[in-house]
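Novice: Shown below is the structure under consideration.
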Amino acid sequence: MLAAALGSAAGKPYDGLLAERVLEPLGMTDTTFAPSENDRDRLMQGHNFDGSPLPDVPNTPVMSGASGLYSTANDMVKWLKWHLDRFSPEMAEMRFLDQAAYVQRDALDPTYGFDESGHMDAMGLGWIVMQPEGDRPLILQKAGGLQGMFVYHAFAPTRGVGVFVAINEFDFSASMLMAEVVNGLISDLAPR
């Protein structure tokens with residue numbers, strides 16, 4: 001719904017707005033909602049719970065704000081670098097708004113589904129915010145899965161460390177382990 005509202009406010013489809021405001025300024029030329037026929041050969045093959053291949057099914061425009069964005073590892077690195085460039089004046093306001101915690105967990109009930117990749121202390125604009133604990137720095141993270149894949153993005157904006165991982169099989173235990181390993185790696189690389 002937010003994607004539809006943003007597109008409506010901008011007077012253009014959400015995919016065009018995202019390209020104009022985020023993808024083009026960051027040089028993310030390999031990120032799109034609609035891969036070309038040539039690009040379809042580069043897609044990672046997703047697999048079902050039993051290991052069988054799943055077809056790639058394009059998302060509908062109504063779901064574009066929640067999923068269906070195709071990208072490459074190189075573009076994900078550009079995106080993480082942007083999040084970690086906290087002293088750059090370019091798009092600083094956008095970065096500040098993107099990384100802010102808007103709703104604290106304090107007394108929120110229920111919070112089902114928000115602790116799967118690490119304890120949620122607050123919510124940002126789609127980010128799960130994990131407050132510092134022990135040696136672990138503040139981490140912003142988001143997990144997702146669709147069409148036989150699980151992905152996990154996590155970064156410590158004040159420590160300059162970010163990680164993106166994708167696995168290509170619906171395996172919930174592997175997905176949980178992936179997040180645990182990434183969060184631990186960030187703690188090891190950038191302790192408080």
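Note on naming: chains are A, B, ... as they come in the structure tokens, residues start from 1 per chain, ligands start from 1 in the order shown.
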How close does each residue of stretch 121-168 of chain A get to stretch 61-85 of chain A, giving the shortest atom pair and distance in Å to one decimal for every residue with an atom at most 9 Å away, counting only C-alpha atoms, sorted by chain and residue number, as a tab-separated table?

Specialist:
```
residue	atom	partner	partner_atom	distance
A:Gly144	CA	A:Ser67	CA	8.5
A:Gly145	CA	A:Ser67	CA	8.7
A:Leu146	CA	A:Ser67	CA	7.9
A:His153	CA	A:Leu80	CA	8.6
A:Ala154	CA	A:Leu80	CA	8.9
A:Phe155	CA	A:Leu80	CA	7.6
A:Ala156	CA	A:Leu84	CA	7.7
A:Pro157	CA	A:Leu84	CA	5.1
A:Thr158	CA	A:Leu84	CA	7.5
A:Arg159	CA	A:Leu84	CA	8.0
A:Gly160	CA	A:Leu84	CA	5.2
A:Val161	CA	A:Leu84	CA	7.2
A:Gly162	CA	A:Leu80	CA	6.2
A:Val163	CA	A:Leu80	CA	7.8
A:Phe164	CA	A:Met76	CA	7.2
```

Novice: Taking the DSSP assignment computed from this structure's backbone, write out as a PyMOL selection string all residues of chain A that belong to strand (DSSP E).

Specialist: chain A and resi 103-104+122-123+128-130+139-146+149-156+161-167

Novice: Do you know which residues are at most 12 Å from A:Phe172 counting only C-alpha atoms, after dropping those on the same chain fewer than 4 positions away, and could you put them as a PDB file with N, CA, C and O atoms, in the first residue's frame?

Specialist:
```
ATOM      1  N   ASN A  48      11.984 -25.458  -3.993  1.00  0.00           N
ATOM      2  CA  ASN A  48      10.920 -25.712  -3.033  1.00  0.00           C
ATOM      3  C   ASN A  48      11.473 -26.452  -1.813  1.00  0.00           C
ATOM      4  O   ASN A  48      12.649 -26.803  -1.765  1.00  0.00           O
ATOM      5  N   PHE A  49      10.605 -26.703  -0.836  1.00  0.00           N
ATOM      6  CA  PHE A  49      11.010 -27.400   0.386  1.00  0.00           C
ATOM      7  C   PHE A  49      11.597 -28.776   0.085  1.00  0.00           C
ATOM      8  O   PHE A  49      12.469 -29.241   0.799  1.00  0.00           O
ATOM      9  N   GLU A 116      12.507 -13.413  14.047  1.00  0.00           N
ATOM     10  CA  GLU A 116      13.050 -14.593  13.375  1.00  0.00           C
ATOM     11  C   GLU A 116      14.534 -14.472  13.055  1.00  0.00           C
ATOM     12  O   GLU A 116      15.249 -15.451  13.054  1.00  0.00           O
ATOM     13  N   SER A 117      15.004 -13.275  12.760  1.00  0.00           N
ATOM     14  CA  SER A 117      16.404 -13.096  12.370  1.00  0.00           C
ATOM     15  C   SER A 117      17.218 -12.369  13.438  1.00  0.00           C
ATOM     16  O   SER A 117      18.308 -11.893  13.179  1.00  0.00           O
ATOM     17  N   ALA A 143      14.941  -9.608   6.628  1.00  0.00           N
ATOM     18  CA  ALA A 143      14.938 -10.924   5.993  1.00  0.00           C
ATOM     19  C   ALA A 143      13.706 -11.022   5.099  1.00  0.00           C
ATOM     20  O   ALA A 143      12.707 -10.342   5.316  1.00  0.00           O
ATOM     21  N   GLY A 144      13.787 -11.882   4.116  1.00  0.00           N
ATOM     22  CA  GLY A 144      12.633 -12.108   3.256  1.00  0.00           C
ATOM     23  C   GLY A 144      12.807 -13.387   2.465  1.00  0.00           C
ATOM     24  O   GLY A 144      13.883 -13.982   2.435  1.00  0.00           O
ATOM     25  N   GLY A 145      11.742 -13.793   1.856  1.00  0.00           N
ATOM     26  CA  GLY A 145      11.801 -14.998   1.048  1.00  0.00           C
ATOM     27  C   GLY A 145      10.663 -15.030   0.055  1.00  0.00           C
ATOM     28  O   GLY A 145       9.562 -14.559   0.339  1.00  0.00           O
ATOM     29  N   GLY A 148      11.240 -19.681  -3.606  1.00  0.00           N
ATOM     30  CA  GLY A 148      12.316 -20.620  -3.345  1.00  0.00           C
ATOM     31  C   GLY A 148      13.623 -20.000  -2.922  1.00  0.00           C
ATOM     32  O   GLY A 148      14.666 -20.625  -3.061  1.00  0.00           O
ATOM     33  N   MET A 149      13.578 -18.797  -2.390  1.00  0.00           N
ATOM     34  CA  MET A 149      14.798 -18.137  -1.933  1.00  0.00           C
ATOM     35  C   MET A 149      14.557 -17.437  -0.603  1.00  0.00           C
ATOM     36  O   MET A 149      13.452 -16.993  -0.322  1.00  0.00           O
ATOM     37  N   PHE A 150      15.613 -17.372   0.173  1.00  0.00           N
ATOM     38  CA  PHE A 150      15.631 -16.553   1.378  1.00  0.00           C
ATOM     39  C   PHE A 150      16.793 -15.579   1.241  1.00  0.00           C
ATOM     40  O   PHE A 150      17.878 -15.956   0.786  1.00  0.00           O
ATOM     41  N   VAL A 151      16.575 -14.325   1.636  1.00  0.00           N
ATOM     42  CA  VAL A 151      17.639 -13.326   1.619  1.00  0.00           C
ATOM     43  C   VAL A 151      17.704 -12.656   2.982  1.00  0.00           C
ATOM     44  O   VAL A 151      16.713 -12.600   3.715  1.00  0.00           O
ATOM     45  N   ILE A 167      20.089 -17.517  -0.127  1.00  0.00           N
ATOM     46  CA  ILE A 167      20.121 -18.968  -0.319  1.00  0.00           C
ATOM     47  C   ILE A 167      18.963 -19.324  -1.237  1.00  0.00           C
ATOM     48  O   ILE A 167      17.938 -18.647  -1.240  1.00  0.00           O
ATOM     49  N   ASN A 168      19.138 -20.356  -2.018  1.00  0.00           N
ATOM     50  CA  ASN A 168      18.139 -20.639  -3.055  1.00  0.00           C
ATOM     51  C   ASN A 168      17.328 -21.899  -2.812  1.00  0.00           C
ATOM     52  O   ASN A 168      17.033 -22.663  -3.716  1.00  0.00           O
ATOM     53  N   MET A 176      17.218 -19.298   9.357  1.00  0.00           N
ATOM     54  CA  MET A 176      17.473 -18.833  10.727  1.00  0.00           C
ATOM     55  C   MET A 176      18.965 -18.869  11.033  1.00  0.00           C
ATOM     56  O   MET A 176      19.507 -17.944  11.637  1.00  0.00           O
ATOM     57  N   LEU A 177      19.631 -19.943  10.611  1.00  0.00           N
ATOM     58  CA  LEU A 177      21.066 -20.066  10.835  1.00  0.00           C
ATOM     59  C   LEU A 177      21.821 -18.982  10.075  1.00  0.00           C
ATOM     60  O   LEU A 177      22.780 -18.411  10.590  1.00  0.00           O
ATOM     61  N   MET A 178      21.368 -18.687   8.852  1.00  0.00           N
ATOM     62  CA  MET A 178      21.997 -17.647   8.042  1.00  0.00           C
ATOM     63  C   MET A 178      21.995 -16.321   8.808  1.00  0.00           C
ATOM     64  O   MET A 178      23.016 -15.643   8.900  1.00  0.00           O
ATOM     65  N   ALA A 179      20.864 -15.950   9.380  1.00  0.00           N
ATOM     66  CA  ALA A 179      20.772 -14.693  10.123  1.00  0.00           C
ATOM     67  C   ALA A 179      21.649 -14.721  11.374  1.00  0.00           C
ATOM     68  O   ALA A 179      22.340 -13.746  11.682  1.00  0.00           O
TER      69      ALA A 179
END
```

Novice: Quick one: pull the distance between atom CA of A:Ile139 and atom CA of A:Leu185, Å, one decimal.

Specialist: 11.5 Å

Novice: So that I can see what lies close to stretch 94-100 of chain A, please list as an mmCIF file with C-alpha atoms, in the first residue's frame the residues with an atom at most 10 Å from it, counting only C-alpha atoms and leaving out residues fewer than 2 positions away in the same chain.

Specialist:
```cif
data_model
loop_
_atom_site.group_PDB
_atom_site.id
_atom_site.type_symbol
_atom_site.label_atom_id
_atom_site.label_comp_id
_atom_site.auth_asym_id
_atom_site.auth_seq_id
_atom_site.Cartn_x
_atom_site.Cartn_y
_atom_site.Cartn_z
ATOM 1 C CA ARG A 21 15.117 8.391 -6.385
ATOM 2 C CA VAL A 22 17.221 5.370 -5.416
ATOM 3 C CA TRP A 82 25.306 3.831 0.528
ATOM 4 C CA HIS A 83 23.862 2.817 3.894
ATOM 5 C CA LEU A 84 27.315 2.716 5.456
ATOM 6 C CA ASP A 85 28.491 6.088 4.067
ATOM 7 C CA ARG A 86 27.224 7.955 7.114
ATOM 8 C CA SER A 88 28.577 11.734 3.068
ATOM 9 C CA PRO A 89 26.412 14.843 2.595
ATOM 10 C CA GLU A 90 24.864 13.323 -0.546
ATOM 11 C CA MET A 91 21.366 12.082 0.261
ATOM 12 C CA ALA A 92 22.179 12.366 3.990
ATOM 13 C CA TYR A 102 10.231 4.815 14.398
ATOM 14 C CA VAL A 103 8.411 2.382 16.707
ATOM 15 C CA ALA A 122 12.358 -1.316 17.230
ATOM 16 C CA MET A 123 11.038 -0.908 13.688
ATOM 17 C CA GLY A 124 12.358 1.456 11.074
ATOM 18 C CA LEU A 125 11.115 1.921 7.512
ATOM 19 C CA GLY A 126 10.993 -1.811 6.915
ATOM 20 C CA TRP A 127 14.140 -2.434 8.972
ATOM 21 C CA ILE A 128 14.231 -4.515 12.109
ATOM 22 C CA VAL A 129 16.365 -2.556 14.573
ATOM 23 C CA LEU A 140 19.589 -2.873 11.054
ATOM 24 C CA PRO A 157 25.753 1.750 10.253
#
```

Novice: Based on DSSP run over this structure's backbone, return all residues of stretch 51-130 of chain A in helix (DSSP H, G or I), as an MDAnalysis selection string.

Specialist: chainID A and resid 61:63 73:84 92:99

Novice: Go ahead and save the residues from that selection, with C-alpha atoms, as a PDB file, in the first residue's frame.

Specialist:
```pdb
ATOM      1  CA  PRO A  61       2.500  -4.019  -9.339  1.00  0.00           C
ATOM      2  CA  VAL A  62       0.455  -4.044  -6.127  1.00  0.00           C
ATOM      3  CA  MET A  63       3.182  -6.149  -4.456  1.00  0.00           C
ATOM      4  CA  ALA A  73      25.486  -9.010  -5.840  1.00  0.00           C
ATOM      5  CA  ASN A  74      27.356  -5.987  -7.209  1.00  0.00           C
ATOM      6  CA  ASP A  75      24.278  -3.777  -6.913  1.00  0.00           C
ATOM      7  CA  MET A  76      23.638  -5.043  -3.382  1.00  0.00           C
ATOM      8  CA  VAL A  77      27.195  -3.971  -2.489  1.00  0.00           C
ATOM      9  CA  LYS A  78      26.439  -0.471  -3.877  1.00  0.00           C
ATOM     10  CA  TRP A  79      23.265  -0.346  -1.797  1.00  0.00           C
ATOM     11  CA  LEU A  80      25.054  -1.432   1.388  1.00  0.00           C
ATOM     12  CA  LYS A  81      27.887   1.051   0.740  1.00  0.00           C
ATOM     13  CA  TRP A  82      25.306   3.831   0.528  1.00  0.00           C
ATOM     14  CA  HIS A  83      23.862   2.817   3.894  1.00  0.00           C
ATOM     15  CA  LEU A  84      27.315   2.716   5.456  1.00  0.00           C
ATOM     16  CA  ALA A  92      22.179  12.366   3.990  1.00  0.00           C
ATOM     17  CA  GLU A  93      18.604  13.271   4.877  1.00  0.00           C
ATOM     18  CA  MET A  94      17.297  10.225   3.002  1.00  0.00           C
ATOM     19  CA  ARG A  95      19.819   7.972   4.772  1.00  0.00           C
ATOM     20  CA  PHE A  96      18.864   9.470   8.153  1.00  0.00           C
ATOM     21  CA  LEU A  97      15.151   8.877   7.535  1.00  0.00           C
ATOM     22  CA  ASP A  98      15.794   5.377   6.187  1.00  0.00           C
ATOM     23  CA  GLN A  99      17.839   4.276   9.184  1.00  0.00           C
TER      24      GLN A  99
END
```

Novice: Work out how far atom CA of A:Asp121 is from atom CA of A:Asp106, in Å to one decimal.

Specialist: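 Spanning atom CA of A:Asp106 to atom CA of A:Asp121 is a straight-line distance of 7.8 Å.
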